[in-house]
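Here is the structure we will look at, set down as structure tokens.
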Amino acid sequence: MSISATSQEIYPQGSYMSLEELKAKTPSKNFDLTIERRTKSDIKMNGGNNYKLISADKSIKRKVLKKEIVAHSTGDSIFINGWPYKLQTWYSKIISDGKYFVFTAGIPMNKTMQTKEMQSGMAFGAIGGGSAGASLAMKRFLYLLDKETNKIRMIDREVMTELLTEYPELLDEYNLEREKDEIPTQIEYLKIWLCFIKLWNYQFLILPFDRAIEFYCTDVLGDAPCKFQAL
């Protein structure tokens, strides 16, 4: 048996105008586009996420590139637009694909998702421009997009604890982390959590925790070091 919850599936090259198109892997637009990583100075000045789309066809309006395309695939990577999800303009690269899309993006525009710290920083200026705004524009947060509900969740310590509650041994390990609020740590635990979800749903397969850990360390990580091996 070979399953990888962390590897990204192949999505045909093109522009996806809805999440349904993305789930079906059927892009409705085949614009001549290239993806370009934005400079730090551009992000600091104007806000938004790390990547933007460039069109060779000048008849394609900037509004389409910036706000209407939901996601774009280069054939080997997927870039999701933050705008439909109120996560700033432009695009973020998908880190992991399975039941959820996992990616990093800028500060949420939805105030209910903002922390007090975010709101305090925004009080000193808009996102982008000015020293406070420029600093805020560069901050990145980890998000989960549920493919079934099309809902976004921002990952923080509270959400991680909720997700890992079903796996007490894994939650204990997470709570021992010194950098549990850092994105690399969050991604590591999210990937193993997503692996467990896929194992649990694969033909109703239920593995004991130790077997699941063994599968993650060997089949998913391969030769990479696995600190969970001793659990």
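Residue numbers start at 1 in each chain; chains themselves are named A, B, ... in the order of the structure tokens; ligands are numbered from 1 in the order shown.
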Q: Check the DSSP output for the backbone and give back, as a ChimeraX atom specification, the residues of range 11-185 of chain A in alpha helix (DSSP H).
A: /A:19-24,40-46,62-63,116-122,131-138,157-164,168-176,183-185
(Q) Please list as a ChimeraX atom specification every residue within 7 Å of Ser92 in chain A, counting only C-alpha atoms and excluding residues in the same chain fewer than 2 positions away. (A) /A:49-51,79-81,94,103-105
Q: State, in Å with one decimal place, the distance from CA of Ile187 in chain A to CA of Lys147 in chain A.
A: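 About the pair CA of Ile187 in chain A and CA of Lys147 in chain A: they are 18.1 Å apart.
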Need the shell around Tyr100 in chain A: protein/DNA/RNA residues with any atom at most 12 Å away, counting only C-alpha atoms. Skip same-chain ones fewer than 5 positions apart. Format as a PDB file with N, CA and C atoms, in the first residue's frame?
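The result, stored in selection-v6.pdb:
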ATOM      1  N   ALA A   5      -0.198  11.618   1.965  1.00  0.00           N
ATOM      2  CA  ALA A   5      -1.114  12.721   2.219  1.00  0.00           C
ATOM      3  C   ALA A   5      -0.423  14.047   2.021  1.00  0.00           C
ATOM      4  N   THR A   6       0.884  14.036   1.909  1.00  0.00           N
ATOM      5  CA  THR A   6       1.596  15.304   1.837  1.00  0.00           C
ATOM      6  C   THR A   6       2.016  15.652   0.425  1.00  0.00           C
ATOM      7  N   GLN A   8       1.658  16.537  -3.499  1.00  0.00           N
ATOM      8  CA  GLN A   8       0.666  17.305  -4.213  1.00  0.00           C
ATOM      9  C   GLN A   8       0.235  16.567  -5.465  1.00  0.00           C
ATOM     10  N   LEU A  19     -13.617  26.866  -7.068  1.00  0.00           N
ATOM     11  CA  LEU A  19     -13.094  25.719  -6.325  1.00  0.00           C
ATOM     12  C   LEU A  19     -13.600  24.417  -6.944  1.00  0.00           C
ATOM     13  N   LYS A  23     -11.330  21.240  -7.834  1.00  0.00           N
ATOM     14  CA  LYS A  23     -11.559  19.890  -7.316  1.00  0.00           C
ATOM     15  C   LYS A  23     -11.711  18.876  -8.448  1.00  0.00           C
ATOM     16  N   ILE A  94       0.383  26.333  -2.898  1.00  0.00           N
ATOM     17  CA  ILE A  94      -0.146  25.240  -2.080  1.00  0.00           C
ATOM     18  C   ILE A  94       1.011  24.385  -1.569  1.00  0.00           C
ATOM     19  N   ILE A  95       1.041  24.160  -0.249  1.00  0.00           N
ATOM     20  CA  ILE A  95       2.097  23.372   0.384  1.00  0.00           C
ATOM     21  C   ILE A  95       1.732  21.893   0.416  1.00  0.00           C
ATOM     22  N   TYR A 143      -2.777  28.516   6.739  1.00  0.00           N
ATOM     23  CA  TYR A 143      -4.219  28.332   6.559  1.00  0.00           C
ATOM     24  C   TYR A 143      -4.545  26.937   6.032  1.00  0.00           C
ATOM     25  N   LEU A 144      -5.737  26.456   6.401  1.00  0.00           N
ATOM     26  CA  LEU A 144      -6.330  25.256   5.836  1.00  0.00           C
ATOM     27  C   LEU A 144      -7.571  25.672   5.052  1.00  0.00           C
ATOM     28  N   LEU A 145      -7.698  25.172   3.820  1.00  0.00           N
ATOM     29  CA  LEU A 145      -8.919  25.372   3.046  1.00  0.00           C
ATOM     30  C   LEU A 145      -9.602  24.022   2.904  1.00  0.00           C
ATOM     31  N   ASP A 146     -10.779  23.896   3.495  1.00  0.00           N
ATOM     32  CA  ASP A 146     -11.553  22.665   3.416  1.00  0.00           C
ATOM     33  C   ASP A 146     -12.197  22.587   2.032  1.00  0.00           C
ATOM     34  N   LYS A 147     -11.849  21.554   1.267  1.00  0.00           N
ATOM     35  CA  LYS A 147     -12.356  21.436  -0.099  1.00  0.00           C
ATOM     36  C   LYS A 147     -13.870  21.207  -0.151  1.00  0.00           C
ATOM     37  N   GLU A 148     -14.409  20.581   0.876  1.00  0.00           N
ATOM     38  CA  GLU A 148     -15.841  20.274   0.874  1.00  0.00           C
ATOM     39  C   GLU A 148     -16.688  21.481   1.230  1.00  0.00           C
ATOM     40  N   THR A 149     -16.252  22.255   2.206  1.00  0.00           N
ATOM     41  CA  THR A 149     -17.056  23.386   2.672  1.00  0.00           C
ATOM     42  C   THR A 149     -16.614  24.718   2.081  1.00  0.00           C
ATOM     43  N   ASN A 150     -15.418  24.745   1.477  1.00  0.00           N
ATOM     44  CA  ASN A 150     -14.834  25.980   0.941  1.00  0.00           C
ATOM     45  C   ASN A 150     -14.598  27.006   2.044  1.00  0.00           C
ATOM     46  N   LYS A 151     -14.357  26.511   3.254  1.00  0.00           N
ATOM     47  CA  LYS A 151     -14.115  27.388   4.404  1.00  0.00           C
ATOM     48  C   LYS A 151     -12.632  27.400   4.755  1.00  0.00           C
ATOM     49  N   ILE A 152     -12.188  28.554   5.229  1.00  0.00           N
ATOM     50  CA  ILE A 152     -10.794  28.757   5.619  1.00  0.00           C
ATOM     51  C   ILE A 152     -10.656  28.725   7.138  1.00  0.00           C
ATOM     52  N   ARG A 153      -9.574  28.106   7.603  1.00  0.00           N
ATOM     53  CA  ARG A 153      -9.216  28.184   9.024  1.00  0.00           C
ATOM     54  C   ARG A 153      -7.772  28.639   9.139  1.00  0.00           C
ATOM     55  N   LEU A 190       0.832  19.375  10.945  1.00  0.00           N
ATOM     56  CA  LEU A 190      -0.319  19.305  10.048  1.00  0.00           C
ATOM     57  C   LEU A 190      -0.153  18.171   9.049  1.00  0.00           C
ATOM     58  N   LYS A 191       1.060  18.000   8.532  1.00  0.00           N
ATOM     59  CA  LYS A 191       1.296  16.960   7.539  1.00  0.00           C
ATOM     60  C   LYS A 191       1.059  15.570   8.122  1.00  0.00           C
ATOM     61  N   TRP A 193      -0.854  14.933  10.690  1.00  0.00           N
ATOM     62  CA  TRP A 193      -2.295  14.873  10.966  1.00  0.00           C
ATOM     63  C   TRP A 193      -3.066  14.533   9.690  1.00  0.00           C
ATOM     64  N   LEU A 194      -2.708  15.167   8.576  1.00  0.00           N
ATOM     65  CA  LEU A 194      -3.364  14.898   7.296  1.00  0.00           C
ATOM     66  C   LEU A 194      -3.096  13.461   6.833  1.00  0.00           C
ATOM     67  N   CYS A 195      -1.902  12.982   7.126  1.00  0.00           N
ATOM     68  CA  CYS A 195      -1.567  11.592   6.801  1.00  0.00           C
ATOM     69  C   CYS A 195      -2.478  10.649   7.570  1.00  0.00           C
ATOM     70  N   ILE A 197      -5.465  11.278   8.728  1.00  0.00           N
ATOM     71  CA  ILE A 197      -6.816  11.382   8.183  1.00  0.00           C
ATOM     72  C   ILE A 197      -6.963  10.514   6.946  1.00  0.00           C
ATOM     73  N   LYS A 198      -5.964  10.573   6.074  1.00  0.00           N
ATOM     74  CA  LYS A 198      -6.047   9.789   4.844  1.00  0.00           C
ATOM     75  C   LYS A 198      -5.986   8.296   5.135  1.00  0.00           C
TER      76      LYS A 198
END
Q: Rank A:Gln13, A:Ser41, A:Thr161, A:Asn175 by their smallest atom-to-atom distance to Thr26 in chain A, using only C-alpha atoms, and report the top residue only.
A: A:Gln13
**Q.** Distance query Asp32 in chain A at most 10 Å, only C-alpha atoms, self and fewer than 6 positions along chain excluded, as a PyMOL selection string
**A.** chain A and resi 14-15+53-57+60
Q) Of the candidates A:Leu171, A:Ile69, A:Ile107, A:Leu163, which one gets nearest to Met138 in chain A if we count only C-alpha atoms? A) A:Ile107
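Comparing the minimum interatomic distances between Met17 in chain A and each of A:Ile43, A:Met109, A:Met154, A:Leu65, counting only C-alpha atoms, we find that A:Leu65 sits nearest.
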Q: Have a look at A:Lys58, A:Arg38, A:Asp76, A:Ser135 and name the one nearest to Thr89 in chain A; count only C-alpha atoms.
A: A:Arg38
Q. Looking at only C-alpha atoms, which of A:Lys29, A:Trp83, A:Arg37, A:Asp97 is the one that sits closest to Ile10 in chain A?
A. A:Asp97
(Q) Set the distance at 9 Å and use only C-alpha atoms: which residues neighbour Tyr189 in chain A once local chain neighbours fewer than 6 positions away are removed? I'd like the list as a PyMOL selection string. (A) chain A and resi 160+164+170+174
Kindly export the residues of the current selection with all heavy atoms, as a compact mmCIF listing (two decimals), in the first residue's frame.
# COMPACT_ATOMS: atom_id res chain seq x y z
N MET A 160 -4.46 24.02 16.44
CA MET A 160 -3.61 22.83 16.40
C MET A 160 -3.99 21.87 17.51
O MET A 160 -4.07 20.65 17.31
CB MET A 160 -2.14 23.22 16.52
CG MET A 160 -1.52 23.79 15.26
SD MET A 160 -1.48 22.62 13.86
CE MET A 160 -0.45 21.34 14.53
N LEU A 164 -5.35 18.00 16.94
CA LEU A 164 -4.55 16.87 17.43
C LEU A 164 -5.16 16.16 18.63
O LEU A 164 -4.61 15.16 19.10
CB LEU A 164 -3.14 17.34 17.79
CG LEU A 164 -2.32 17.97 16.65
CD1 LEU A 164 -0.97 18.41 17.18
CD2 LEU A 164 -2.16 17.00 15.49
N LEU A 170 0.49 12.43 19.90
CA LEU A 170 0.97 13.47 18.99
C LEU A 170 0.78 14.86 19.60
O LEU A 170 1.63 15.74 19.47
CB LEU A 170 0.23 13.37 17.65
CG LEU A 170 0.84 14.13 16.47
CD1 LEU A 170 2.26 13.64 16.19
CD2 LEU A 170 -0.04 13.98 15.23
N TYR A 174 3.55 17.74 20.42
CA TYR A 174 3.40 19.13 19.96
C TYR A 174 3.55 20.11 21.12
O TYR A 174 4.21 21.15 21.00
CB TYR A 174 2.04 19.31 19.28
CG TYR A 174 1.70 20.74 18.96
CD1 TYR A 174 2.35 21.42 17.92
CD2 TYR A 174 0.74 21.43 19.69
CE1 TYR A 174 2.05 22.74 17.63
CE2 TYR A 174 0.43 22.75 19.41
CZ TYR A 174 1.09 23.39 18.37
OH TYR A 174 0.79 24.71 18.09
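CA of Gly98 in chain A is positioned 16.0 Å from CA of Ser73 in chain A.
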